[in-house]
$ cat protein-v3.pdb   # PDB, C-alpha atoms
MODEL        1
ATOM      1  CA  MET L  22      93.764  99.276  77.459
ATOM      2  CA  SER L  23      94.528 101.418  80.478
ATOM      3  CA  ARG L  24      97.694 100.820  82.476
ATOM      4  CA  LEU L  25      95.697  99.678  85.488
ATOM      5  CA  TRP L  26      93.979  96.953  83.446
ATOM      6  CA  VAL L  27      97.360  95.843  82.074
ATOM      7  CA  ALA L  28      98.659  95.611  85.653
ATOM      8  CA  VAL L  29      95.585  93.711  86.896
ATOM      9  CA  LEU L  30      95.637  91.154  84.069
ATOM     10  CA  ALA L  31      99.412  90.649  84.049
ATOM     11  CA  ALA L  32      99.547  90.206  87.815
ATOM     12  CA  ALA L  33      96.583  87.803  87.723
ATOM     13  CA  ALA L  34      98.108  85.703  84.920
ATOM     14  CA  GLY L  35     101.434  85.394  86.750
ATOM     15  CA  CYS L  36      99.840  84.557  90.078
ATOM     16  CA  TYR L  37      97.693  81.849  88.461
ATOM     17  CA  LEU L  38     100.652  80.302  86.639
ATOM     18  CA  LEU L  39     102.624  80.184  89.905
ATOM     19  CA  LYS L  40      99.755  78.303  91.577
ATOM     20  CA  LEU L  41      99.448  75.906  88.629
ATOM     21  CA  ALA L  42     103.214  75.367  88.532
ATOM     22  CA  GLY L  43     103.217  74.295  92.167
ATOM     23  CA  LEU L  44     100.617  71.615  91.478
ATOM     24  CA  SER L  45     102.243  70.468  88.251
ATOM     25  CA  ILE L  46     106.035  70.583  88.362
ATOM     26  CA  PRO L  47     108.092  67.686  89.743
ATOM     27  CA  GLN L  48     108.696  67.835  93.486
ATOM     28  CA  ARG L  49     112.502  67.920  93.296
ATOM     29  CA  VAL L  50     112.685  71.295  91.533
ATOM     30  CA  LEU L  51     111.549  73.152  94.657
ATOM     31  CA  GLU L  52     113.014  70.733  97.183
ATOM     32  CA  ASN L  53     116.161  72.782  97.827
ATOM     33  CA  THR L  54     116.264  74.049 101.428
ATOM     34  CA  VAL L  55     117.645  77.467 100.533
ATOM     35  CA  VAL L  56     114.886  77.987  97.973
ATOM     36  CA  ARG L  57     112.298  76.971 100.553
ATOM     37  CA  ARG L  58     113.723  79.294 103.183
ATOM     38  CA  ILE L  59     113.812  82.214 100.763
ATOM     39  CA  ALA L  60     110.227  81.474  99.742
ATOM     40  CA  ALA L  61     109.147  81.565 103.391
ATOM     41  CA  LEU L  62     110.946  84.840 104.104
ATOM     42  CA  LEU L  63     110.007  86.614 100.874
ATOM     43  CA  PRO L  64     106.421  87.515 101.906
ATOM     44  CA  VAL L  65     107.724  88.804 105.260
ATOM     45  CA  ALA L  66     110.294  91.051 103.576
ATOM     46  CA  LEU L  67     107.942  92.359 100.884
ATOM     47  CA  LEU L  68     105.023  93.032 103.224
ATOM     48  CA  ALA L  69     107.266  94.753 105.803
ATOM     49  CA  ALA L  70     108.812  96.882 103.059
ATOM     50  CA  LEU L  71     105.349  97.849 101.818
ATOM     51  CA  VAL L  72     104.290  98.799 105.340
ATOM     52  CA  GLY L  73     107.405 100.981 105.656
ATOM     53  CA  VAL L  74     106.987 102.690 102.299
ATOM     54  CA  GLN L  75     103.253 103.294 102.719
ATOM     55  CA  THR L  76     103.736 104.699 106.207
ATOM     56  CA  PHE L  77     106.723 106.994 105.607
ATOM     57  CA  GLY L  78     106.824 107.587 101.851
ATOM     58  CA  SER L  79     105.078 110.397 100.067
ATOM     59  CA  GLY L  80     106.194 110.440  96.473
ATOM     60  CA  GLN L  81     109.992 110.470  96.516
ATOM     61  CA  THR L  82     110.340 111.910 100.023
ATOM     62  CA  VAL L  83     110.265 110.351 103.478
ATOM     63  CA  THR L  84     107.989 112.068 105.978
ATOM     64  CA  VAL L  85     106.618 111.396 109.447
ATOM     65  CA  ASP L  86     102.925 112.291 109.677
ATOM     66  CA  ALA L  87      99.591 111.079 111.034
ATOM     67  CA  ARG L  88     100.035 107.721 109.277
ATOM     68  CA  LEU L  89     102.657 106.711 111.859
ATOM     69  CA  ALA L  90     100.144 107.192 114.665
ATOM     70  CA  GLY L  91      97.719 105.055 112.667
ATOM     71  CA  LEU L  92     100.336 102.315 112.334
ATOM     72  CA  ALA L  93     101.032 102.486 116.089
ATOM     73  CA  ALA L  94      97.308 102.025 116.705
ATOM     74  CA  ALA L  95      97.358  98.994 114.394
ATOM     75  CA  VAL L  96     100.332  97.469 116.239
ATOM     76  CA  THR L  97      98.542  97.975 119.552
ATOM     77  CA  ALA L  98      95.408  96.313 118.182
ATOM     78  CA  LEU L  99      97.446  93.383 116.827
ATOM     79  CA  LEU L 100      99.219  92.929 120.168
ATOM     80  CA  LEU L 101      95.783  92.801 121.799
ATOM     81  CA  ARG L 102      94.799  90.104 119.254
ATOM     82  CA  ALA L 103      92.039  92.262 117.833
ATOM     83  CA  PRO L 104      90.278  91.012 114.690
ATOM     84  CA  PHE L 105      91.372  92.301 111.298
ATOM     85  CA  LEU L 106      88.616  94.885 110.841
ATOM     86  CA  VAL L 107      89.393  96.399 114.251
ATOM     87  CA  VAL L 108      93.089  96.674 113.330
ATOM     88  CA  VAL L 109      92.325  98.448 110.071
ATOM     89  CA  PHE L 110      89.641 100.648 111.613
ATOM     90  CA  ALA L 111      91.914 101.666 114.522
ATOM     91  CA  ALA L 112      94.583 102.800 112.067
ATOM     92  CA  ALA L 113      92.158 104.700 109.846
ATOM     93  CA  ALA L 114      90.300 106.371 112.728
ATOM     94  CA  THR L 115      93.496 107.451 114.513
ATOM     95  CA  THR L 116      94.948 108.967 111.358
ATOM     96  CA  ALA L 117      91.708 110.630 110.331
ATOM     97  CA  LEU L 118      91.171 112.145 113.799
ATOM     98  CA  LEU L 119      94.713 113.518 113.906
ATOM     99  CA  ARG L 120      94.261 115.104 110.481
ATOM    100  CA  LEU L 121      90.969 116.601 111.574
ATOM    101  CA  THR L 122      92.478 118.029 114.759
ATOM    102  CA  PHE L 123      95.736 119.520 113.409
TER     103      PHE L 123
ATOM    104  CA  MET M  22      91.705  71.391 114.015
ATOM    105  CA  ASN M  23      89.476  68.700 115.502
ATOM    106  CA  ASP M  24      87.142  68.313 112.554
ATOM    107  CA  ARG M  25      86.222  64.637 112.263
ATOM    108  CA  THR M  26      83.633  64.674 109.503
ATOM    109  CA  VAL M  27      83.175  66.442 106.203
ATOM    110  CA  SER M  28      80.407  68.575 107.691
ATOM    111  CA  ASP M  29      82.800  69.713 110.478
ATOM    112  CA  VAL M  30      85.279  70.632 107.773
ATOM    113  CA  ARG M  31      82.606  72.563 105.917
ATOM    114  CA  ARG M  32      81.609  74.462 109.049
ATOM    115  CA  THR M  33      85.230  75.478 109.638
ATOM    116  CA  ALA M  34      85.479  76.592 106.005
ATOM    117  CA  ILE M  35      82.449  78.844 106.412
ATOM    118  CA  GLY M  36      83.898  80.374 109.597
ATOM    119  CA  VAL M  37      87.269  81.077 108.002
ATOM    120  CA  ALA M  38      85.607  82.538 104.905
ATOM    121  CA  ILE M  39      83.438  84.898 106.959
ATOM    122  CA  ALA M  40      86.500  86.101 108.897
ATOM    123  CA  THR M  41      88.450  86.614 105.673
ATOM    124  CA  ALA M  42      85.613  88.581 104.106
ATOM    125  CA  ALA M  43      86.739  91.469 106.334
ATOM    126  CA  TYR M  44      89.939  91.563 104.273
ATOM    127  CA  GLY M  45      87.832  91.543 101.127
ATOM    128  CA  VAL M  46      85.836  94.595 102.194
ATOM    129  CA  SER M  47      89.066  96.420 103.096
ATOM    130  CA  PHE M  48      90.655  95.396  99.822
ATOM    131  CA  GLY M  49      87.735  96.659  97.757
ATOM    132  CA  ALA M  50      87.690  99.982  99.581
ATOM    133  CA  LEU M  51      91.479 100.451  99.337
ATOM    134  CA  ALA M  52      91.511  99.531  95.649
ATOM    135  CA  THR M  53      89.017 102.241  94.770
ATOM    136  CA  ALA M  54      90.746 104.703  97.137
ATOM    137  CA  ASN M  55      93.964 104.067  95.186
ATOM    138  CA  GLY M  56      92.466 104.864  91.788
ATOM    139  CA  PHE M  57      91.180 101.488  90.612
ATOM    140  CA  ASP M  58      87.529 101.279  89.545
ATOM    141  CA  VAL M  59      84.973  98.804  90.910
ATOM    142  CA  TRP M  60      85.441  96.437  87.928
ATOM    143  CA  GLN M  61      89.199  96.363  88.368
ATOM    144  CA  ALA M  62      88.843  95.677  92.089
ATOM    145  CA  CYS M  63      86.466  92.791  91.335
ATOM    146  CA  ALA M  64      88.685  91.464  88.526
ATOM    147  CA  MET M  65      91.625  91.303  90.925
ATOM    148  CA  SER M  66      89.652  89.281  93.474
ATOM    149  CA  ALA M  67      88.171  86.975  90.839
ATOM    150  CA  LEU M  68      91.297  86.436  88.711
ATOM    151  CA  MET M  69      94.273  86.885  91.077
ATOM    152  CA  PHE M  70      92.540  85.557  94.191
ATOM    153  CA  THR M  71      95.537  85.880  96.477
ATOM    154  CA  GLY M  72      95.191  88.664  99.042
ATOM    155  CA  ALA M  73      98.746  89.788  99.686
ATOM    156  CA  SER M  74      99.507  90.169  95.959
ATOM    157  CA  GLN M  75      96.285  92.144  95.478
ATOM    158  CA  PHE M  76      97.015  94.527  98.370
ATOM    159  CA  ALA M  77     100.596  94.967  97.117
ATOM    160  CA  LEU M  78      99.575  95.758  93.536
ATOM    161  CA  VAL M  79      97.029  98.313  94.715
ATOM    162  CA  GLY M  80      99.467  99.890  97.176
ATOM    163  CA  ILE M  81     102.353 100.208  94.730
ATOM    164  CA  LEU M  82     100.342 101.598  91.798
ATOM    165  CA  GLY M  83      98.393 103.830  94.178
ATOM    166  CA  SER M  84     101.614 105.391  95.476
ATOM    167  CA  GLY M  85     102.899 106.118  91.982
ATOM    168  CA  GLY M  86     104.867 102.956  91.271
ATOM    169  CA  SER M  87     105.250 101.630  87.737
ATOM    170  CA  VAL M  88     103.123  98.819  86.327
ATOM    171  CA  ALA M  89     106.262  96.657  86.091
ATOM    172  CA  SER M  90     107.233  97.057  89.743
ATOM    173  CA  GLY M  91     103.671  96.498  90.950
ATOM    174  CA  VAL M  92     103.217  93.373  88.834
ATOM    175  CA  ALA M  93     106.647  91.976  89.780
ATOM    176  CA  THR M  94     105.957  92.442  93.492
ATOM    177  CA  ALA M  95     102.557  90.754  93.125
ATOM    178  CA  TRP M  96     104.261  87.803  91.410
ATOM    179  CA  LEU M  97     106.942  87.543  94.087
ATOM    180  CA  LEU M  98     104.274  87.517  96.797
ATOM    181  CA  GLY M  99     102.333  84.901  94.813
ATOM    182  CA  ALA M 100     105.391  82.640  94.617
ATOM    183  CA  ARG M 101     104.548  81.157  98.016
ATOM    184  CA  ASN M 102     101.431  79.624  96.470
ATOM    185  CA  ALA M 103     103.700  77.504  94.242
ATOM    186  CA  PHE M 104     105.154  75.965  97.397
ATOM    187  CA  TYR M 105     101.684  75.371  98.781
ATOM    188  CA  GLY M 106     100.770  73.645  95.521
ATOM    189  CA  LEU M 107     103.780  71.413  95.842
ATOM    190  CA  ARG M 108     102.595  70.229  99.222
ATOM    191  CA  LEU M 109      98.969  69.906  98.099
ATOM    192  CA  ALA M 110      99.781  67.915  94.951
ATOM    193  CA  SER M 111     100.816  64.844  96.962
ATOM    194  CA  LEU M 112      98.214  65.372  99.704
ATOM    195  CA  LEU M 113      95.174  65.761  97.445
ATOM    196  CA  GLY M 114      96.152  63.301  94.709
ATOM    197  CA  LEU M 115      94.557  65.454  92.020
ATOM    198  CA  PRO M 116      94.021  63.969  88.564
ATOM    199  CA  PRO M 117      95.618  66.209  85.899
ATOM    200  CA  ARG M 118      92.244  67.383  84.531
ATOM    201  CA  ARG M 119      91.344  68.811  87.951
ATOM    202  CA  ARG M 120      94.571  70.831  88.282
ATOM    203  CA  PRO M 121      93.564  73.958  86.321
ATOM    204  CA  LEU M 122      90.551  74.564  88.597
ATOM    205  CA  ALA M 123      92.268  73.452  91.811
ATOM    206  CA  ALA M 124      95.226  75.764  91.068
ATOM    207  CA  HIS M 125      93.031  78.835  91.255
ATOM    208  CA  LEU M 126      92.034  77.938  94.819
ATOM    209  CA  VAL M 127      95.607  77.412  96.112
ATOM    210  CA  ILE M 128      95.967  80.131  98.767
ATOM    211  CA  ASP M 129      97.019  80.475 102.423
ATOM    212  CA  GLU M 130      93.644  79.540 103.882
ATOM    213  CA  SER M 131      92.744  76.569 101.641
ATOM    214  CA  THR M 132      96.234  75.118 102.151
ATOM    215  CA  ALA M 133      95.986  75.492 105.921
ATOM    216  CA  GLN M 134      92.601  73.750 105.928
ATOM    217  CA  ALA M 135      93.887  70.893 103.737
ATOM    218  CA  VAL M 136      97.156  70.185 105.564
ATOM    219  CA  ALA M 137      95.311  70.155 108.915
ATOM    220  CA  HIS M 138      94.070  66.647 108.047
ATOM    221  CA  ASP M 139      95.973  63.402 107.607
ATOM    222  CA  ASP M 140      92.888  61.680 106.256
ATOM    223  CA  PRO M 141      92.880  62.251 102.462
ATOM    224  CA  ALA M 142      89.093  62.641 102.226
ATOM    225  CA  LEU M 143      89.057  65.337 104.933
ATOM    226  CA  ALA M 144      92.111  67.018 103.402
ATOM    227  CA  ARG M 145      90.331  67.184 100.056
ATOM    228  CA  ALA M 146      87.178  68.520 101.719
ATOM    229  CA  GLY M 147      89.258  71.127 103.576
ATOM    230  CA  PHE M 148      90.845  72.273 100.341
ATOM    231  CA  TRP M 149      87.717  72.428  98.154
ATOM    232  CA  TYR M 150      85.337  73.835 100.766
ATOM    233  CA  GLY M 151      88.033  76.083 102.260
ATOM    234  CA  GLY M 152      88.988  77.496  98.867
ATOM    235  CA  GLY M 153      85.542  77.455  97.236
ATOM    236  CA  ILE M 154      83.506  79.117  99.984
ATOM    237  CA  LEU M 155      86.249  81.670 100.551
ATOM    238  CA  PHE M 156      86.313  82.457  96.817
ATOM    239  CA  VAL M 157      82.613  83.302  96.828
ATOM    240  CA  LEU M 158      82.760  85.466  99.961
ATOM    241  CA  TRP M 159      86.038  87.117  98.939
ATOM    242  CA  ASN M 160      84.481  88.313  95.693
ATOM    243  CA  LEU M 161      81.191  89.451  97.252
ATOM    244  CA  SER M 162      83.020  91.342 100.007
ATOM    245  CA  THR M 163      85.389  92.944  97.486
ATOM    246  CA  LEU M 164      82.399  94.195  95.499
ATOM    247  CA  ALA M 165      80.781  95.609  98.654
ATOM    248  CA  GLY M 166      84.015  97.304  99.743
ATOM    249  CA  ALA M 167      84.698  98.697  96.275
ATOM    250  CA  ILE M 168      81.221 100.219  96.002
ATOM    251  CA  ALA M 169      81.504 101.698  99.504
ATOM    252  CA  GLY M 170      85.006 103.005  98.752
ATOM    253  CA  SER M 171      83.956 104.611  95.478
ATOM    254  CA  LEU M 172      81.191 106.534  97.282
ATOM    255  CA  LEU M 173      83.653 108.076  99.766
ATOM    256  CA  GLY M 174      85.364 111.347  98.974
ATOM    257  CA  ASP M 175      89.056 112.034  99.670
ATOM    258  CA  PRO M 176      90.493 108.731 101.002
ATOM    259  CA  LYS M 177      93.049 110.589 103.132
ATOM    260  CA  ALA M 178      90.288 112.314 105.112
ATOM    261  CA  TYR M 179      89.196 108.861 106.290
ATOM    262  CA  GLY M 180      92.744 107.718 107.052
ATOM    263  CA  LEU M 181      92.521 105.057 104.336
ATOM    264  CA  ASP M 182      96.226 105.441 103.526
ATOM    265  CA  ALA M 183      97.072 104.369 107.080
ATOM    266  CA  ALA M 184      94.463 101.612 106.846
ATOM    267  CA  SER M 185      96.409 100.230 103.896
ATOM    268  CA  SER M 186      99.607  99.993 105.992
ATOM    269  CA  ALA M 187      97.624  98.400 108.806
ATOM    270  CA  ALA M 188      96.114  95.802 106.456
ATOM    271  CA  LEU M 189      99.544  94.826 105.123
ATOM    272  CA  LEU M 190     100.958  94.639 108.650
ATOM    273  CA  ALA M 191      98.081  92.400 109.709
ATOM    274  CA  LEU M 192      98.858  90.109 106.743
ATOM    275  CA  ALA M 193     102.523  89.901 107.778
ATOM    276  CA  TRP M 194     101.844  89.574 111.528
ATOM    277  CA  PRO M 195     101.283  85.768 111.777
ATOM    278  CA  ARG M 196     104.541  85.234 109.867
ATOM    279  CA  LEU M 197     106.599  87.257 112.352
ATOM    280  CA  LYS M 198     107.252  84.332 114.686
ATOM    281  CA  GLY M 199     110.914  83.740 115.554
ATOM    282  CA  THR M 200     114.022  85.893 115.352
ATOM    283  CA  THR M 201     114.869  85.492 111.669
ATOM    284  CA  PRO M 202     111.509  86.648 110.256
ATOM    285  CA  ARG M 203     111.452  89.607 112.640
ATOM    286  CA  LEU M 204     114.977  90.708 111.706
ATOM    287  CA  VAL M 205     114.167  90.251 108.023
ATOM    288  CA  ALA M 206     111.011  92.365 108.428
ATOM    289  CA  ILE M 207     112.818  95.203 110.209
ATOM    290  CA  ALA M 208     115.735  95.168 107.774
ATOM    291  CA  ALA M 209     113.439  95.049 104.753
ATOM    292  CA  ALA M 210     111.321  97.959 105.987
ATOM    293  CA  ALA M 211     114.463 100.005 106.772
ATOM    294  CA  VAL M 212     116.051  99.314 103.371
ATOM    295  CA  ALA M 213     112.822 100.132 101.533
ATOM    296  CA  VAL M 214     112.221 103.417 103.370
ATOM    297  CA  GLY M 215     115.887 104.371 102.946
ATOM    298  CA  LEU M 216     115.637 103.814  99.195
ATOM    299  CA  VAL M 217     112.455 105.901  98.742
ATOM    300  CA  PRO M 218     114.317 109.167  97.960
ATOM    301  CA  LEU M 219     116.893 107.428  95.764
ATOM    302  CA  VAL M 220     114.998 105.209  93.298
ATOM    303  CA  PRO M 221     111.640 105.319  91.465
ATOM    304  CA  ALA M 222     108.466 104.309  93.364
ATOM    305  CA  GLY M 223     107.907 100.556  93.518
ATOM    306  CA  VAL M 224     111.619  99.708  93.326
ATOM    307  CA  PRO M 225     112.302 100.017  97.107
ATOM    308  CA  VAL M 226     109.877  97.182  97.895
ATOM    309  CA  MET M 227     111.422  94.838  95.343
ATOM    310  CA  ALA M 228     114.917  95.732  96.504
ATOM    311  CA  ALA M 229     113.886  94.850 100.053
ATOM    312  CA  GLY M 230     112.973  91.389  98.755
ATOM    313  CA  LEU M 231     116.723  90.807  98.401
ATOM    314  CA  ILE M 232     116.918  90.831 102.206
ATOM    315  CA  ALA M 233     114.897  87.596 102.174
ATOM    316  CA  VAL M 234     117.287  86.104  99.622
ATOM    317  CA  LEU M 235     120.339  87.052 101.705
ATOM    318  CA  ALA M 236     118.753  85.723 104.904
ATOM    319  CA  GLY M 237     117.875  82.458 103.146
ATOM    320  CA  PHE M 238     121.522  81.916 102.183
ATOM    321  CA  ALA M 239     122.905  83.132 105.525
ATOM    322  CA  ARG M 240     121.068  80.527 107.598
ATOM    323  CA  TRP M 241     122.102  77.838 105.163
ATOM    324  CA  ARG M 242     125.788  78.570 105.818
ATOM    325  CA  GLU M 243     125.450  78.205 109.607
TER     326      GLU M 243
ENDMDL
END
$ encode --input "protein-v3.pdb" --output "structure tokens"
Amino acid sequence: MSRLWVAVLAAAAGCYLLKLAGLSIPQRVLENTVVRRIAALLPVALLAALVGVQTFGSGQTVTVDARLAGLAAAVTALLLRAPFLVVVFAAAATTALLRLTF
Amino acid sequence: MNDRTVSDVRRTAIGVAIATAAYGVSFGALATANGFDVWQACAMSALMFTGASQFALVGILGSGGSVASGVATAWLLGARNAFYGLRLASLLGLPPRRRPLAAHLVIDESTAQAVAHDDPALARAGFWYGGGILFVLWNLSTLAGAIAGSLLGDPKAYGLDAASSAALLALAWPRLKGTTPRLVAIAAAAVAVGLVPLVPAGVPVMAAGLIAVLAGFARWRE
């Protein structure tokens, strides 16, 4: 089995078990306030980190290129409360146009 | 939400699902742009069915990260669904035999549509319609996006790498309310980018997850 299939199936199995665990385990296990706070902040931290790495990382080096302009376009669209597809399209179009021009 | 009847709830569910299908199209296209085939993109939407984890897995493996770091990040992002399940278990009053199917539908949107109602019947309708209709549209839109993405040439020529960052930012955006989440987001992004030259791909994102752990303890001590 290819490594991508291993990743897909392993990630899917874990994500399903987490959902099932939430419905099945006794309430008190996850009642702790610190655990709850960490759980609320974890998606924020991971998604922000992914945005950073995908915008500035290329392999093992950090670079500033057309992707940053794309991200700026996305931020602008989000501030203007644009729908999701507009946000993604603004980022892609800005980056693609810059690459085409320079 | 002002939905008073089950048919109101169902109408809301259809609206939310149509809006979310935009994410599905983007996900399918980004998955194929990052080296996954159409079947793998569809398998992720059908079997994982939790957007942030899917985008993360695709992004990390697409940028050269290891299987282990991609899978671990997907799990960490999926951990929030366990907390949703906790809240839903008492709200929906599910009999044990229904849990395996219900569990698959525990996501951001179905939870939001269930907890919007105090009335148990409407809460149940919000969960099952919200999750069920979204599941169908999420998978159809993933398939459409994956086929479209696989027909494109070099993803960078279309700016799809920046689109991936934009999609993740849009997922994080509604959570960035208040000082603590914003500081955590900035710190996590800074730590992750700073670690890029120092550690293997995939590790910086997981390391940045520690920022959330530290912030969780810090507020507790106040």
$ resolve_selection --input "protein-v3.pdb" --expression "the PyMOL selection byres ((chain L and resi 93) around 12)" --output "PyMOL selection string"
(chain L and resi 72+76+86-92+94-100+108-109+111-116) or (chain M and resi 183-184+186-187+190)
$ residues_near_point --input "protein-v3.pdb" --point "(97.1, 92.4, 86.8)" --cutoff "9 Å" --atoms "all atoms listed in the file" --output "list in words"
Leu25, Trp26, Val27, Ala28, Val29, Leu30, Ala31, Ala32, Ala33, Ala34, Gly35 and Cys36 of chain L; Gln61, Ala64, Met65, Leu68, Met69, Gln75, Leu78, Val88, Gly91, Val92 and Ala95 of chain M
$ resolve_selection --input "protein-v3.pdb" --expression "the PyMOL selection byres ((chain M and resi 212) around 9)" --output "MDAnalysis selection string"
(chainID L and resid 70) or (chainID M and resid 207:211 213:217 225:226 228:229 232)
$ residues_around --input "protein-v3.pdb" --residues "Val37 (chain M)" --least-positions-apart "4" --cutoff "9 Å" --atoms "only C-alpha atoms" --output "ChimeraX atom specification"
/M:32-33,41-42,130,151,155
$ residues_around --input "protein-v3.pdb" --residues "Ala66 (chain L)" --least-positions-apart "4" --cutoff "6 Å" --atoms "all atoms listed in the file" --output "list in words"
Val205, Ala206, Ala209, Gly230 and Ala233 of chain M
$ residues_around --input "protein-v3.pdb" --residues "Phe104 (chain M)" --least-positions-apart "5" --cutoff "12 Å" --atoms "only C-alpha atoms" --output "PyMOL selection string"
(chain L and resi 39-54+56-61) or (chain M and resi 98-99+109-111+124+127-129+132)
$ resolve_selection --input "protein-v3.pdb" --expression "the PyMOL selection byres ((chain M and resi 164) around 10)" --output "list in words"
Gly45, Val46, Phe48, Gly49, Ala50, Val59, Trp60, Ala62, Cys63, Ala64, Ser66, Leu158, Trp159, Asn160, Leu161, Ser162, Thr163, Ala165, Gly166, Ala167, Ile168, Ala169 and Gly170 of chain M
$ atom_distance --input "protein-v3.pdb" --atom1 "CA of Gln134 (chain M)" --atom2 "CA of Gly147 (chain M)"
4.9 Å
$ closest_residue --input "protein-v3.pdb" --among "M:Ser84, M:Asn55, M:Ser131, M:Thr200" --to "chain L" --atoms "all atoms listed in the file"
M:Ser84
$ closest_residue --input "protein-v3.pdb" --among "M:Lys198, M:Arg101, M:His138, M:Arg119" --to "chain L" --atoms "all atoms listed in the file"
M:Arg101
$ closest_residue --input "protein-v3.pdb" --among "M:Trp194, M:Trp96, M:Tyr105, M:Phe156" --to "Val136 (chain M)" --atoms "all atoms listed in the file"
M:Tyr105
$ closest_residue --input "protein-v3.pdb" --among "L:Leu118, L:Met22, L:Ala103, L:Ala69" --to "chain M" --atoms "all atoms listed in the file"
L:Ala69
$ atom_distance --input "protein-v3.pdb" --atom1 "CA of Arg31 (chain M)" --atom2 "CA of Tyr150 (chain M)"
6.0 Å
$ residues_around --input "protein-v3.pdb" --residues "Val83 (chain L)" --least-positions-apart "4" --cutoff "7 Å" --atoms "all atoms listed in the file" --output "JSON, numbers by chain"
{"L": [77, 78, 79], "M": [217, 218]}
$ atom_distance --input "protein-v3.pdb" --atom1 "CA of Leu231 (chain M)" --atom2 "CA of Pro64 (chain L)"
11.4 Å
$ closest_residue --input "protein-v3.pdb" --among "L:Val85, L:Leu68, L:Ser23, L:Phe110" --to "Ala43 (chain M)" --atoms "only C-alpha atoms"
L:Phe110
